[in-house]
>>> print(open('work_20.cif').read())   # mmCIF, C-alpha atoms
data_my_file
#
loop_
_atom_site.label_atom_id
_atom_site.label_comp_id
_atom_site.auth_asym_id
_atom_site.auth_seq_id
_atom_site.Cartn_x
_atom_site.Cartn_y
_atom_site.Cartn_z
CA MET O 1 46.40 16.30 9.85
CA ALA O 2 45.22 18.56 12.61
CA GLU O 3 47.95 19.34 15.03
CA LEU O 4 48.46 21.42 18.08
CA ASN O 5 50.27 24.68 17.65
CA THR O 6 53.62 24.40 19.32
CA GLY O 7 55.23 27.51 17.96
CA GLY O 8 55.67 30.85 19.73
CA GLY O 9 56.09 30.49 23.43
CA GLY O 10 58.08 32.75 25.65
CA GLY O 11 61.17 34.18 24.18
CA GLY O 12 63.16 33.18 27.22
CA GLY O 13 64.89 35.44 29.67
CA LYS O 14 67.73 37.72 28.85
CA HIS O 15 70.08 35.55 30.73
CA GLY O 16 69.18 32.58 28.48
CA LYS O 17 68.94 29.63 30.81
CA LYS O 18 69.58 26.28 29.33
CA ARG O 19 66.33 24.44 28.77
CA ALA O 20 65.50 20.82 28.38
CA LYS O 21 65.12 19.77 24.80
CA LYS O 22 61.58 20.38 23.66
CA LEU O 23 59.56 17.24 23.16
CA SER O 24 57.29 17.15 20.17
CA THR O 25 53.72 17.98 21.14
CA ARG O 26 52.24 16.58 17.98
CA VAL O 27 49.41 14.18 18.71
CA ASP O 28 48.17 11.62 16.29
CA MET O 29 44.55 12.58 15.88
CA THR O 30 43.54 9.96 13.38
CA PRO O 31 41.54 7.78 15.84
CA MET O 32 39.71 10.80 17.16
CA VAL O 33 38.78 11.97 13.70
CA ASP O 34 37.70 8.44 12.82
CA LEU O 35 35.43 8.41 15.81
CA ALA O 36 34.07 11.83 14.96
CA PHE O 37 33.07 10.70 11.51
CA LEU O 38 31.57 7.51 12.87
CA LEU O 39 29.40 9.54 15.23
CA LEU O 40 28.53 11.93 12.46
CA THR O 41 27.36 9.09 10.25
CA PHE O 42 25.38 7.57 13.08
CA PHE O 43 23.57 10.77 13.97
CA VAL O 44 22.87 11.70 10.38
CA LEU O 45 21.32 8.30 9.69
CA THR O 46 19.25 8.13 12.86
CA ALA O 47 18.05 11.70 12.45
CA THR O 48 16.59 10.97 9.02
CA PHE O 49 15.09 7.56 9.61
CA ASN O 50 13.84 8.09 13.10
CA LYS O 51 10.44 9.52 12.26
CA PRO O 52 7.64 7.10 11.50
CA LYS O 53 5.57 7.54 8.38
CA VAL O 54 1.91 8.34 8.64
CA MET O 55 -1.11 7.95 6.42
CA GLU O 56 -3.66 10.68 6.84
CA LEU O 57 -7.22 9.46 7.15
CA ASN O 58 -10.42 11.45 7.56
CA PHE O 59 -13.57 10.07 9.07
CA PRO O 60 -17.04 11.36 8.29
CA PHE O 61 -19.16 13.44 10.62
CA ASP O 62 -21.69 11.32 12.41
CA LYS O 63 -24.62 13.52 11.49
CA GLU O 64 -24.96 14.34 7.83
CA THR O 65 -25.81 17.96 7.21
CA PRO O 66 -29.26 17.68 5.68
CA ASP O 67 -29.34 21.09 3.97
CA GLU O 68 -26.66 20.07 1.51
CA PRO O 69 -28.10 17.69 -1.04
CA ILE O 70 -25.87 14.71 -1.73
CA SER O 71 -25.02 14.73 -5.39
CA GLU O 72 -25.87 11.55 -7.19
CA VAL O 73 -23.07 9.04 -7.28
CA ARG O 74 -22.61 7.58 -10.74
CA ASN O 75 -19.83 5.18 -10.00
CA GLY O 76 -20.18 3.81 -6.49
CA LEU O 77 -18.58 0.77 -4.92
CA THR O 78 -19.06 -0.67 -1.46
CA ILE O 79 -16.28 -2.81 -0.07
CA ILE O 80 -16.85 -4.98 2.97
CA ALA O 81 -13.83 -6.34 4.81
CA THR O 82 -14.29 -9.52 6.76
CA GLY O 83 -12.20 -12.21 8.47
CA LYS O 84 -9.74 -14.61 6.81
CA ASP O 85 -8.49 -11.76 4.60
CA LYS O 86 -11.58 -11.86 2.39
CA ILE O 87 -13.26 -8.90 0.76
CA TYR O 88 -16.79 -8.68 -0.59
CA TYR O 89 -18.12 -5.86 -2.68
CA TYR O 90 -21.06 -4.62 -4.66
CA SER O 91 -21.58 -1.74 -7.08
CA GLY O 92 -24.16 0.99 -7.09
CA SER O 93 -26.98 1.26 -4.63
CA LEU O 94 -27.84 -1.32 -2.03
CA GLY O 95 -31.50 -1.52 -3.08
CA LYS O 96 -30.68 -2.98 -6.48
CA THR O 97 -28.10 -5.43 -5.18
CA GLU O 98 -28.90 -9.09 -4.79
CA LYS O 99 -25.60 -10.68 -3.85
CA LEU O 100 -22.00 -9.78 -3.07
CA GLU O 101 -18.94 -10.51 -5.17
CA ALA O 102 -15.76 -11.83 -3.57
CA THR O 103 -12.18 -10.69 -4.08
CA ASP O 104 -8.89 -10.60 -2.16
CA TYR O 105 -5.96 -8.33 -1.30
CA THR O 106 -3.63 -9.41 -4.10
CA ALA O 107 -2.66 -7.17 -7.00
CA ASN O 108 -4.96 -9.19 -9.25
CA GLY O 109 -7.85 -8.91 -6.83
CA LEU O 110 -8.81 -5.62 -5.29
CA ARG O 111 -6.27 -3.49 -7.15
CA LYS O 112 -7.31 -4.76 -10.55
CA LEU O 113 -10.94 -4.21 -9.66
CA LEU O 114 -10.29 -0.64 -8.54
CA VAL O 115 -8.16 0.23 -11.56
CA ASP O 116 -10.83 -1.18 -13.90
CA ARG O 117 -13.58 0.74 -12.20
CA ASN O 118 -11.58 3.96 -11.98
CA ARG O 119 -10.03 3.77 -15.45
CA ASP O 120 -10.77 7.35 -16.53
CA VAL O 121 -9.15 8.85 -13.50
CA VAL O 122 -6.13 6.53 -13.61
CA GLU O 123 -5.54 7.36 -17.29
CA GLN O 124 -5.87 11.10 -16.75
CA ILE O 125 -3.55 11.07 -13.75
CA ARG O 126 -1.00 9.05 -15.69
CA ALA O 127 -1.13 11.64 -18.46
CA LEU O 128 -0.81 14.39 -15.90
CA GLY O 129 2.22 12.65 -14.40
CA GLN O 130 3.93 12.55 -17.80
CA LYS O 131 3.13 16.18 -18.43
CA ALA O 132 4.45 17.09 -14.99
CA GLN O 133 7.73 15.38 -15.75
CA LYS O 134 8.14 17.18 -19.04
CA THR O 135 7.22 20.64 -17.79
CA ASN O 136 8.80 20.44 -14.33
CA MET O 137 5.48 21.08 -12.70
CA ALA O 138 5.56 22.11 -9.05
CA ASP O 139 4.48 19.49 -6.57
CA SER O 140 1.64 21.59 -5.24
CA THR O 141 0.29 22.23 -8.74
CA PHE O 142 0.45 18.52 -9.46
CA LYS O 143 -1.48 17.69 -6.32
CA ARG O 144 -4.10 20.32 -7.05
CA GLU O 145 -4.58 19.02 -10.58
CA MET O 146 -4.78 15.47 -9.27
CA VAL O 147 -7.52 16.34 -6.79
CA LYS O 148 -9.40 18.02 -9.61
CA ILE O 149 -9.24 14.85 -11.70
CA GLN O 150 -10.20 12.70 -8.75
CA SER O 151 -13.46 14.55 -8.35
CA ILE O 152 -14.74 14.30 -11.92
CA PRO O 153 -18.33 13.01 -12.03
CA ASP O 154 -17.29 9.58 -13.28
CA ALA O 155 -14.64 9.06 -10.60
CA LEU O 156 -15.05 6.06 -8.39
CA VAL O 157 -16.61 6.65 -4.98
CA VAL O 158 -15.91 3.97 -2.40
CA LEU O 159 -17.56 3.09 0.89
CA ILE O 160 -15.47 0.88 3.17
CA LYS O 161 -17.33 -1.23 5.67
CA ASN O 162 -16.32 -4.09 7.90
CA ASP O 163 -17.80 -6.85 9.99
CA ASP O 164 -16.58 -7.84 13.43
CA LYS O 165 -13.96 -10.26 12.11
CA ALA O 166 -11.96 -7.73 10.12
CA THR O 167 -8.60 -6.60 11.46
CA TYR O 168 -7.05 -3.17 11.41
CA LYS O 169 -4.59 -4.36 8.77
CA ASN O 170 -7.50 -5.19 6.43
CA ILE O 171 -8.84 -1.65 6.59
CA ILE O 172 -5.43 -0.04 6.18
CA ASP O 173 -4.73 -2.34 3.22
CA ILE O 174 -7.96 -1.31 1.54
CA VAL O 175 -7.28 2.39 2.10
CA ASP O 176 -3.76 1.86 0.80
CA GLU O 177 -5.06 0.19 -2.36
CA LEU O 178 -7.38 3.16 -2.85
CA ASN O 179 -4.42 5.50 -2.53
CA ILE O 180 -2.43 3.41 -5.00
CA THR O 181 -5.25 3.44 -7.52
CA LYS O 182 -5.79 7.18 -7.00
CA VAL O 183 -9.34 6.94 -5.71
CA GLY O 184 -9.84 10.34 -4.13
CA ARG O 185 -13.30 9.93 -2.70
CA PHE O 186 -13.72 7.21 -0.15
CA VAL O 187 -14.99 6.94 3.36
CA VAL O 188 -14.76 4.39 6.15
CA VAL O 189 -18.33 3.89 7.32
CA ASP O 190 -19.40 2.58 10.70
CA GLU O 191 -22.33 0.28 10.45
CA LEU O 192 -23.30 -2.56 8.17
CA ASP O 193 -26.84 -2.33 6.87
CA PRO O 194 -29.11 -5.28 7.91
CA LYS O 195 -29.46 -6.27 4.27
CA GLU O 196 -25.69 -6.21 3.85
CA LYS O 197 -25.36 -8.47 6.88
CA VAL O 198 -27.69 -11.02 5.32
CA MET O 199 -25.88 -10.87 1.98
CA LEU O 200 -22.53 -11.16 3.73
CA ALA O 201 -23.68 -14.25 5.62
CA ASP O 202 -24.85 -15.81 2.36
CA ALA O 203 -21.61 -14.96 0.58
CA THR O 204 -19.39 -16.34 3.34
CA LYS O 205 -21.37 -19.59 3.24
CA LEU O 206 -20.57 -19.90 -0.46
CA ASN O 207 -16.84 -19.15 0.01
CA PRO O 208 -15.86 -20.75 3.30
CA MET Q 1 47.36 18.28 3.33
CA ASP Q 2 45.80 20.42 6.02
CA MET Q 3 42.65 18.67 7.23
CA THR Q 4 41.92 21.09 10.05
CA PRO Q 5 38.92 22.79 8.38
CA MET Q 6 37.37 19.47 7.47
CA VAL Q 7 37.76 18.13 10.98
CA ASP Q 8 36.34 21.36 12.37
CA LEU Q 9 33.34 20.99 10.17
CA ALA Q 10 32.92 17.34 11.07
CA PHE Q 11 32.84 18.16 14.76
CA LEU Q 12 30.47 21.00 14.17
CA LEU Q 13 28.09 18.63 12.42
CA VAL Q 14 28.48 15.98 15.11
CA THR Q 15 27.60 18.54 17.73
CA PHE Q 16 24.64 19.76 15.72
CA PHE Q 17 23.17 16.31 15.13
CA MET Q 18 23.80 15.24 18.70
CA LEU Q 19 21.97 18.23 20.07
CA THR Q 20 19.05 18.02 17.67
CA ALA Q 21 18.68 14.24 17.88
CA SER Q 22 15.61 13.16 19.73
CA PHE Q 23 15.81 9.57 20.71
CA ARG Q 24 12.82 7.39 20.36
CA GLU Q 25 11.48 6.86 23.81
CA ALA Q 26 10.79 3.39 25.10
CA GLU Q 27 7.28 2.25 24.37
CA PRO Q 28 5.42 0.07 26.84
CA VAL Q 29 4.19 -2.27 24.13
CA VAL Q 30 5.47 -3.64 20.86
CA VAL Q 31 3.16 -2.95 17.97
CA ASP Q 32 3.52 -4.34 14.48
CA THR Q 33 1.93 -1.73 12.25
CA PRO Q 34 0.60 -2.53 8.77
CA THR Q 35 2.40 -1.17 5.72
CA SER Q 36 1.27 1.54 3.33
CA ILE Q 37 2.71 3.71 0.58
CA ALA Q 38 2.24 6.86 2.66
CA GLU Q 39 5.37 9.00 2.90
CA ASP Q 40 4.27 11.81 5.19
CA MET Q 41 6.31 12.30 8.33
CA LEU Q 42 4.75 12.10 11.74
CA PRO Q 43 4.33 15.70 13.00
CA ASP Q 44 6.12 16.74 16.18
CA ASN Q 45 3.18 17.88 18.21
CA VAL Q 46 1.05 14.76 18.46
CA LEU Q 47 -1.30 13.06 20.80
CA GLN Q 48 -0.82 9.39 20.14
CA VAL Q 49 -3.02 6.45 20.96
CA THR Q 50 -1.46 3.02 20.54
CA ILE Q 51 -3.60 -0.09 20.23
CA ASP Q 52 -1.99 -3.49 20.53
CA ASN Q 53 -3.21 -6.75 19.01
CA ASN Q 54 -5.41 -7.54 22.02
CA GLY Q 55 -7.10 -4.17 21.90
CA ARG Q 56 -5.24 -2.70 24.87
CA VAL Q 57 -4.95 1.05 24.58
CA PHE Q 58 -1.98 3.26 25.45
CA PHE Q 59 -1.80 7.03 25.56
CA GLY Q 60 1.09 9.34 24.88
CA MET Q 61 1.69 13.02 24.28
CA ALA Q 62 4.59 15.26 23.40
CA GLY Q 63 5.87 17.68 26.03
CA PHE Q 64 6.69 17.39 29.69
CA GLU Q 65 4.50 20.29 30.85
CA VAL Q 66 1.57 19.17 28.75
CA ARG Q 67 1.67 15.67 30.16
CA ARG Q 68 1.84 16.97 33.70
CA SER Q 69 -1.10 19.29 33.39
CA THR Q 70 -3.11 16.63 31.53
CA MET Q 71 -2.60 14.23 34.40
CA LYS Q 72 -3.62 16.93 36.89
CA ALA Q 73 -6.88 17.47 35.04
CA VAL Q 74 -7.65 13.77 34.72
CA ALA Q 75 -6.77 13.16 38.39
CA ASP Q 76 -9.17 15.94 39.40
CA GLN Q 77 -11.85 14.33 37.28
CA TYR Q 78 -11.48 11.07 39.20
CA ASN Q 79 -10.88 12.74 42.59
CA ILE Q 80 -7.44 11.28 42.97
CA LYS Q 81 -4.63 13.17 44.66
CA PHE Q 82 -1.05 12.80 43.56
CA THR Q 83 2.04 14.25 45.15
CA PRO Q 84 4.04 16.87 43.23
CA ASP Q 85 6.77 14.29 42.98
CA GLU Q 86 4.42 11.90 41.24
CA TYR Q 87 3.37 14.57 38.76
CA GLN Q 88 7.02 15.22 38.10
CA LYS Q 89 7.62 11.53 37.42
CA PHE Q 90 4.59 11.26 35.18
CA GLY Q 91 5.83 14.17 33.09
CA GLY Q 92 8.83 12.06 32.14
CA ILE Q 93 6.79 9.10 30.91
CA SER Q 94 6.12 9.36 27.21
CA MET Q 95 3.48 6.63 27.03
CA PHE Q 96 1.51 4.56 29.47
CA GLY Q 97 -1.47 2.24 29.46
CA LEU Q 98 -3.25 1.74 32.73
CA ASP Q 99 -6.12 2.77 34.92
CA ILE Q 100 -5.42 6.08 36.62
CA ARG Q 101 -6.26 4.43 39.93
CA GLN Q 102 -3.18 2.25 39.57
CA MET Q 103 -0.96 5.14 38.56
CA SER Q 104 0.58 5.64 42.02
CA GLN Q 105 1.94 2.12 42.16
CA TYR Q 106 3.21 2.38 38.60
CA LEU Q 107 5.04 5.63 39.29
CA GLU Q 108 6.78 4.09 42.30
CA LEU Q 109 8.60 1.64 40.03
CA SER Q 110 11.99 2.48 38.61
CA SER Q 111 12.08 3.13 34.88
CA GLY Q 112 13.61 -0.29 34.27
CA GLU Q 113 10.84 -2.01 36.19
CA ARG Q 114 8.24 0.05 34.40
CA GLU Q 115 9.38 -1.26 31.04
CA LYS Q 116 8.91 -4.82 32.24
CA ALA Q 117 5.62 -4.22 34.01
CA GLN Q 118 2.55 -5.55 32.23
CA SER Q 119 -0.01 -2.84 31.60
CA ALA Q 120 -3.68 -3.62 31.30
CA GLY Q 121 -4.36 -0.71 28.97
CA ILE Q 122 -6.46 2.38 29.61
CA PRO Q 123 -10.15 1.54 30.13
CA TYR Q 124 -12.28 2.86 27.29
CA ASP Q 125 -15.68 1.24 27.57
CA SER Q 126 -18.77 3.33 28.03
CA THR Q 127 -19.04 2.79 31.80
CA ASN Q 128 -15.45 3.73 32.49
CA ASN Q 129 -14.19 5.83 29.62
CA GLN Q 130 -10.89 7.11 30.91
CA LEU Q 131 -9.41 7.33 27.44
CA MET Q 132 -11.98 9.98 26.53
CA HIS Q 133 -10.85 12.11 29.46
CA TRP Q 134 -7.19 11.70 28.62
CA VAL Q 135 -7.79 12.79 25.04
CA ASP Q 136 -10.06 15.65 26.01
CA PHE Q 137 -7.84 17.06 28.77
CA GLY Q 138 -4.74 16.37 26.71
CA ARG Q 139 -6.14 18.46 23.92
CA ARG Q 140 -6.92 21.31 26.29
CA ALA Q 141 -3.51 21.16 27.94
CA ALA Q 142 -1.89 21.29 24.51
CA ALA Q 143 -3.96 24.35 23.62
CA VAL Q 144 -2.95 26.10 26.86
CA ASP Q 145 0.67 25.22 26.23
CA MET Q 146 0.47 26.59 22.71
CA GLN Q 147 -0.90 29.90 24.00
CA ARG Q 148 1.95 30.07 26.49
CA ARG Q 149 4.57 29.45 23.81
CA LYS Q 150 2.92 32.00 21.57
CA GLN Q 151 3.05 34.55 24.36
CA GLU Q 152 6.69 33.79 25.03
CA ALA Q 153 7.56 34.13 21.39
CA LYS Q 154 5.76 37.45 21.27
CA GLU Q 155 7.64 38.79 24.27
CA ARG Q 156 10.93 37.86 22.70
CA ASN Q 157 9.82 39.15 19.31
CA GLN Q 158 10.38 35.79 17.75
CA PRO Q 159 8.28 34.38 14.97
CA PHE Q 160 5.84 31.75 16.16
CA LYS Q 161 4.73 28.85 14.05
CA ASP Q 162 1.52 27.29 15.19
CA GLU Q 163 1.88 23.59 14.57
CA GLY Q 164 -1.42 22.59 16.11
CA LEU Q 165 -2.02 19.32 17.85
CA ARG Q 166 -2.37 16.29 15.59
CA TYR Q 167 -3.84 12.96 16.50
CA ALA Q 168 -1.92 9.83 15.66
CA ILE Q 169 -3.16 6.27 15.92
CA LYS Q 170 -0.66 3.47 15.98
CA ALA Q 171 -2.42 0.14 15.91
CA ASP Q 172 -1.22 -3.40 15.47
CA GLY Q 173 -2.17 -4.95 12.15
CA LYS Q 174 -3.81 -7.85 13.97
CA ALA Q 175 -5.93 -5.66 16.23
CA PRO Q 176 -9.63 -6.24 15.56
CA TYR Q 177 -10.90 -3.27 13.61
CA ASP Q 178 -13.91 -2.95 15.87
CA LYS Q 179 -11.60 -2.01 18.74
CA VAL Q 180 -9.89 0.62 16.61
CA LYS Q 181 -13.30 1.85 15.56
CA LYS Q 182 -14.31 2.23 19.18
CA VAL Q 183 -11.26 4.38 19.83
CA ILE Q 184 -11.98 6.44 16.74
CA GLN Q 185 -15.55 6.88 17.91
CA ILE Q 186 -14.22 8.38 21.15
CA PHE Q 187 -12.30 10.92 19.11
CA LYS Q 188 -15.32 11.59 16.93
CA ASP Q 189 -17.43 12.27 20.00
CA LEU Q 190 -14.90 14.98 20.80
CA ASN Q 191 -15.24 16.37 17.26
CA ILE Q 192 -11.89 15.08 16.08
CA TYR Q 193 -12.15 13.56 12.63
CA ARG Q 194 -8.69 13.68 11.13
CA PHE Q 195 -6.06 11.15 12.07
CA ASN Q 196 -2.53 10.24 11.21
CA MET Q 197 -2.35 6.47 11.04
CA ILE Q 198 1.20 5.33 11.71
CA THR Q 199 2.25 2.72 9.17
CA ASN Q 200 5.43 1.11 7.95
CA ILE Q 201 6.63 2.19 4.56
CA GLU Q 202 6.29 0.05 1.45
CA ASP Q 203 7.15 0.70 -2.18
CA GLU Q 204 4.46 2.13 -4.39
CA PRO Q 205 3.61 -0.46 -7.05
CA LYS Q 206 3.08 0.55 -10.67
CA ILE Q 207 -0.48 0.47 -11.85
#
>>> encode(input="work_20.cif", output="structure tokens")
Amino acid sequence: MAELNTGGGGGGGKHGKKRAKKLSTRVDMTPMVDLAFLLLTFFVLTATFNKPKVMELNFPFDKETPDEPISEVRNGLTIIATGKDKIYYYSGSLGKTEKLEATDYTANGLRKLLVDRNRDVVEQIRALGQKAQKTNMADSTFKREMVKIQSIPDALVVLIKNDDKATYKNIIDIVDELNITKVGRFVVVDELDPKEKVMLADATKLNP
Amino acid sequence: MDMTPMVDLAFLLVTFFMLTASFREAEPVVVDTPTSIAEDMLPDNVLQVTIDNNGRVFFGMAGFEVRRSTMKAVADQYNIKFTPDEYQKFGGISMFGLDIRQMSQYLELSSGEREKAQSAGIPYDSTNNQLMHWVDFGRRAAAVDMQRRKQEAKERNQPFKDEGLRYAIKADGKAPYDKVKKVIQIFKDLNIYRFNMITNIEDEPKI
């Protein structure tokens, strides 16, 4: 155990005076060391878990740049979040859509839908993940490859919309599901189209 | 057994962690954030807007100097005069949520009273968009501060890492999304499109 150095000290005068018997200066440091380790543990733990986690989210520019033609979307999905934790969706373009389908936030609802619709990408990324494990691929390489897969022509493209009853949690949950199912191209859009509003009203009447 | 080196090391580490620890500052409102699988850490240099479940908005920034000069700029905008003492006090407040016209009264309170005080949130509707000014001037103050730190680093021949200001949104899961959208629109009007949404962590499910 750590102890104070008691050795050395003056050699005493030539005329050696008689001195009182030296008391031991050893101090029991165990409690102090205990406390030190306690503090150490505390600070180590708080230092690591202190920082909140964040999800990065990009929003689109308000004005589309018209000189860049929008490439045709082959596999599009529009998700509309509404109150009571309900989700409605339709595929492809709005013009050809007659009514909305309903789903929910469970693993068998939205996630299953997204995985089914994004099967190619999910399969390829799974294969990439296995390859990465075998070959010790660098994280940055893995991410780059993943982004490449996510932007193949058949990859799912998702528009997220909401009506005035949706909560913030609903939107974050949807974005989270998209991250889980590796959908790389999605955007949170501002306004519901008038036709979507009508369809949404019809759909909510059917599923109260 | 001689434990001296181990104890030395333990104290060294204690000292290190104590000095580097930054304690989470008291927030004026409790917010229950939704969960996500995101694992990125919140950057250090952030401008944070907190939205509670009623849609009240709070504003916070990192850095004493930055906060002080932001408040100066916003006060000028609204033709309000504060004493140097009040600026000093404001610099120490990491997050607040009230009309700048009530700031004087708020700053008079002791820090204990401030925690208990009910804030009405920063106004952010189109007729009285104070939040927009806070974000705008906050961004500028952060840019000025970064230049200053860069200059200092240059004078001392130290390397300088430009972290850049990030924008974090911490909203309650039950907040209506339209309110959040309104806040995001304010950022978008200032040409800010990338956000860090603060969420609680959850395990990534297998698909």
>>> resolve_selection(input="work_20.cif", expression="the PyMOL selection byres ((chain O) within 6 of (chain Q))", output="number ranges by chain")
O: 1-2, 40, 43, 52-59, 166-169, 176
>>> residues_around(input="work_20.cif", residues="range 155-162 of chain Q", least_positions_apart="6", cutoff="12 Å", atoms="only C-alpha atoms", output="list in words")
Asp44, Asn45, Ala142, Ala143, Asp145, Met146, Gln147, Arg148 and Arg149 of chain Q
>>> residues_around(input="work_20.cif", residues="Val135 in chain Q", least_positions_apart="6", cutoff="9 Å", atoms="only C-alpha atoms", output="PyMOL selection string")
chain Q and resi 47+49+59+70+186-187+190
>>> closest_residue(input="work_20.cif", among="Q:Glu113, Q:Glu152, Q:Glu163, Q:Phe90", to="Ser69 in chain Q", atoms="all atoms listed in the file")
Q:Phe90
>>> atom_distance(input="work_20.cif", atom1="CA of Gly97 in chain Q", atom2="CA of Lys81 in chain Q")
19.0 Å
